[in-house]
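Working notes for the structure below.
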Amino acid sequence: REINVGCYVFSSTALFQTLPKIPMNARKKEYYLTDIVEIFSRSGRVGAVITPDRKEVLGVNSQKELARVEDIAQKKILEGHMERGVRIRSPKTVTIDADVTIGQDTTVMPHTVLEQGSAIGRGCTVGPFARIRGKSRIGNHAVIGNFVEIVRSSVGEHTQVKHLTYLGDAVIGSYVNIGAGTITANYDGKNKHQTLIKDGANIGSGTILVAPVTVGRGAVTGAGAVVTKNTKIPDRGVAVGVPARIIKGHPRNL
């Protein structure tokens, strides 16, 4: 009823003193670390560990077994977040990496994937069908909606990114509205570039921001605008058209 799960803890001094005593396997012409258990046992220096949960030591030798272990680990991760005050609407459809942090009172909607050390603030809504990765940072009370992908980006507090959007290598301020279908074109085929959108900006539906781009505080882009690289929209400025041209002053002041 005792099994070898392949996990060992050694005294390093004793281990390196004893390694030369391991005999070569006559048939395979190899040395097996497992033989050291027998060697140590002759001096009474071996102890078995009893695990309170057999699932902790399940072996993985196939894709099927890997999926089984991942499912166990994922369930533990999700339950941990829920115990800390995160609402997960459909745990069976949500995937969260072990190093992701989520603030209290945040809601994670179905079919959402949170990866690679990303951090979600308090009181946010994420998903459904959202993917956040690349150590992205989402501020408190932000909304990340359906079919939104965010990578290597930060999103400020109370900012809304609700529909069909890709934000890559972007720094988004607070109280920003990102319209449906917005894309940060961060890759030029060779290098990644940053998009900066400052507080209170309003990005119109279907806007394409060809990075590097800066959108000033309270600035606006018109629906379908293509803002070309190295453009700097001034505070409260407006960019419209393809390619976008800048109109000075906020539209309500024109």
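Note on naming: chains are A, B, ... as they come in the structure tokens, residues start from 1 per chain, ligands start from 1 in the order shown.
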
For this session: Name all residues at most 7 Å from region 151-163 of chain A (count only C-alpha atoms; drop same-chain ones fewer than 3 positions away) and give them as an NGL selection string.
Result: :A and (132-148 or 167-181)

For this session: For each of A:Val227, A:Ile203, A:Val37, A:Leu58, take the minimum atom-to-atom distance to Gly241 (chain A), counting only C-alpha atoms, then give the residue where this is smallest.
Result: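 So, comparing all the options, the nearest one is A:Val227.
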
So that I can check the surroundings of Val60 (chain A), please list as a short mmCIF file (atom, residue, chain, number, x, y, z; two decimals) with N, CA, C and O atoms, in the first residue's frame every protein, DNA and RNA residue that reaches within 12 Å of it, counting only C-alpha atoms and ignoring chain neighbours fewer than 6 positions away.
data_model
loop_
_atom_site.label_atom_id
_atom_site.label_comp_id
_atom_site.auth_asym_id
_atom_site.auth_seq_id
_atom_site.Cartn_x
_atom_site.Cartn_y
_atom_site.Cartn_z
N VAL A 5 5.88 8.04 -5.50
CA VAL A 5 5.26 9.04 -6.37
C VAL A 5 6.31 9.88 -7.10
O VAL A 5 5.97 10.80 -7.84
N GLY A 6 7.59 9.57 -6.87
CA GLY A 6 8.64 10.29 -7.58
C GLY A 6 9.06 11.59 -6.95
O GLY A 6 9.78 12.38 -7.56
N LEU A 66 -2.92 14.22 -17.67
CA LEU A 66 -2.59 15.64 -17.49
C LEU A 66 -3.86 16.47 -17.37
O LEU A 66 -3.96 17.35 -16.50
N ALA A 67 -4.84 16.19 -18.22
CA ALA A 67 -6.11 16.92 -18.17
C ALA A 67 -6.80 16.71 -16.82
O ALA A 67 -7.40 17.64 -16.26
N ARG A 68 -6.72 15.48 -16.32
CA ARG A 68 -7.34 15.18 -15.03
C ARG A 68 -6.71 16.00 -13.92
O ARG A 68 -7.40 16.59 -13.08
N VAL A 69 -5.37 16.06 -13.91
CA VAL A 69 -4.67 16.80 -12.86
C VAL A 69 -4.91 18.30 -13.00
O VAL A 69 -5.08 19.03 -12.01
N GLU A 70 -4.92 18.80 -14.24
CA GLU A 70 -5.20 20.22 -14.46
C GLU A 70 -6.60 20.58 -13.96
O GLU A 70 -6.81 21.67 -13.39
#

Problem set entry | Residues flagged strand (DSSP E or B) by DSSP in region 27-249 of chain A, as a VMD selection string | chain A and resid 31 87 to 88 95 to 96 101 to 102 107 to 108 113 to 114 119 to 120 125 to 126 131 to 133 137 to 138 143 to 151 154 to 155 160 to 168 170 to 172 177 to 178 183 to 185 187 192 195 to 197 202 to 203 208 to 210 213 to 215 220 to 221 226 to 227 231 to 233 238 to 240 245 to 247

Problem set entry | Coordinates-based distance that separates CA of Ile183 (chain A) from CA of Arg131 (chain A) (Å, one decimal) | 14.6 Å

For this session: Go through A:Ser62, A:Thr18, A:Tyr8, A:Met24 and flag the residue nearest Val49 (chain A), using only C-alpha atoms for the distances.
Result: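 Closest candidate: A:Tyr8.
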
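Of the listed residues (A:Asp99, A:Ala244, A:Asp235, A:Val86), A:Val86 comes nearest to Arg122 (chain A); the distances count only C-alpha atoms.
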
Seminar exercise, completed: Residue with the minimum atom-to-atom distance to Arg217 (chain A), picked from A:Gln17, A:Ser11, A:Thr184, A:Asn202 with only C-alpha atoms counted, is A:Asn202

Selection near region 207-213 of chain A, 7 Å with only C-alpha atoms, sequence-local residues under 5 positions removed, as a compact mmCIF listing (two decimals) with N, CA and C atoms, in the first residue's frame:
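Listed below is the output, selection17.txt:
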# COMPACT_ATOMS: atom_id res chain seq x y z
N GLY A 181 -15.26 47.08 -31.08
CA GLY A 181 -14.45 46.86 -32.27
C GLY A 181 -13.15 47.62 -32.32
N THR A 182 -12.73 48.22 -31.21
CA THR A 182 -11.47 48.95 -31.19
C THR A 182 -10.29 47.98 -31.24
N ILE A 183 -9.26 48.36 -32.01
CA ILE A 183 -8.06 47.53 -32.13
C ILE A 183 -6.83 48.42 -31.95
N THR A 184 -5.92 47.98 -31.09
CA THR A 184 -4.60 48.61 -31.05
C THR A 184 -3.69 47.75 -31.94
N ALA A 185 -3.29 48.31 -33.06
CA ALA A 185 -2.40 47.60 -33.99
C ALA A 185 -0.97 47.78 -33.48
N ASN A 186 -0.58 46.91 -32.55
CA ASN A 186 0.67 47.11 -31.82
C ASN A 186 1.89 46.49 -32.50
N HIS A 193 4.66 47.98 -30.33
CA HIS A 193 4.65 49.39 -29.96
C HIS A 193 3.49 49.69 -29.01
N GLN A 194 3.65 50.75 -28.24
CA GLN A 194 2.68 51.07 -27.20
C GLN A 194 1.63 52.09 -27.66
N THR A 195 0.41 51.88 -27.17
CA THR A 195 -0.67 52.85 -27.31
C THR A 195 -0.96 53.44 -25.94
N LEU A 196 -1.00 54.76 -25.84
CA LEU A 196 -1.30 55.45 -24.59
C LEU A 196 -2.62 56.20 -24.74
N ALA A 223 -16.15 57.22 -34.91
CA ALA A 223 -16.36 55.82 -35.29
C ALA A 223 -15.61 55.50 -36.58
N GLY A 224 -14.90 54.38 -36.58
CA GLY A 224 -14.19 53.94 -37.77
C GLY A 224 -12.90 54.68 -38.07
N ALA A 225 -12.46 55.53 -37.17
CA ALA A 225 -11.22 56.29 -37.41
C ALA A 225 -10.01 55.35 -37.43
N VAL A 226 -9.07 55.66 -38.32
CA VAL A 226 -7.79 54.94 -38.35
C VAL A 226 -6.71 55.95 -37.96
N VAL A 227 -6.24 55.84 -36.74
CA VAL A 227 -5.25 56.78 -36.22
C VAL A 227 -3.88 56.19 -36.51
N THR A 228 -3.13 56.83 -37.39
CA THR A 228 -1.86 56.28 -37.86
C THR A 228 -0.74 56.48 -36.85
N LYS A 229 0.34 55.72 -37.05
CA LYS A 229 1.43 55.68 -36.06
C LYS A 229 2.06 57.06 -35.87
N ASN A 230 2.54 57.24 -34.66
CA ASN A 230 3.20 58.47 -34.20
C ASN A 230 2.24 59.65 -34.08
N THR A 231 0.93 59.39 -34.17
CA THR A 231 -0.05 60.46 -33.97
C THR A 231 -0.21 60.74 -32.48
N LYS A 232 -0.32 62.01 -32.15
CA LYS A 232 -0.59 62.43 -30.77
C LYS A 232 -1.83 63.31 -30.78

Exercise. From the set A:Ser90, A:Asn4, A:Thr34, A:Ser12, which residue has the shortest atom-to-atom contact distance to Ile50 (chain A), counting only C-alpha atoms?
Worked result: A:Asn4

Exercise. Near Ile36 (chain A), within 12 Å and counting only C-alpha atoms, which residues show up once chain neighbours fewer than 2 positions away are dropped, as a ChimeraX atom specification?
Worked result: /A:8,10,14-24,31-34,38-43,45-46

For this session: Pick out the residues sitting within 9 Å of Leu114 (chain A), and hand them over as a PyMOL selection string; count only C-alpha atoms, and ignore anything fewer than 4 positions along from it in its own chain.
Result: chain A and resi 94-97+100+118-119+130-133
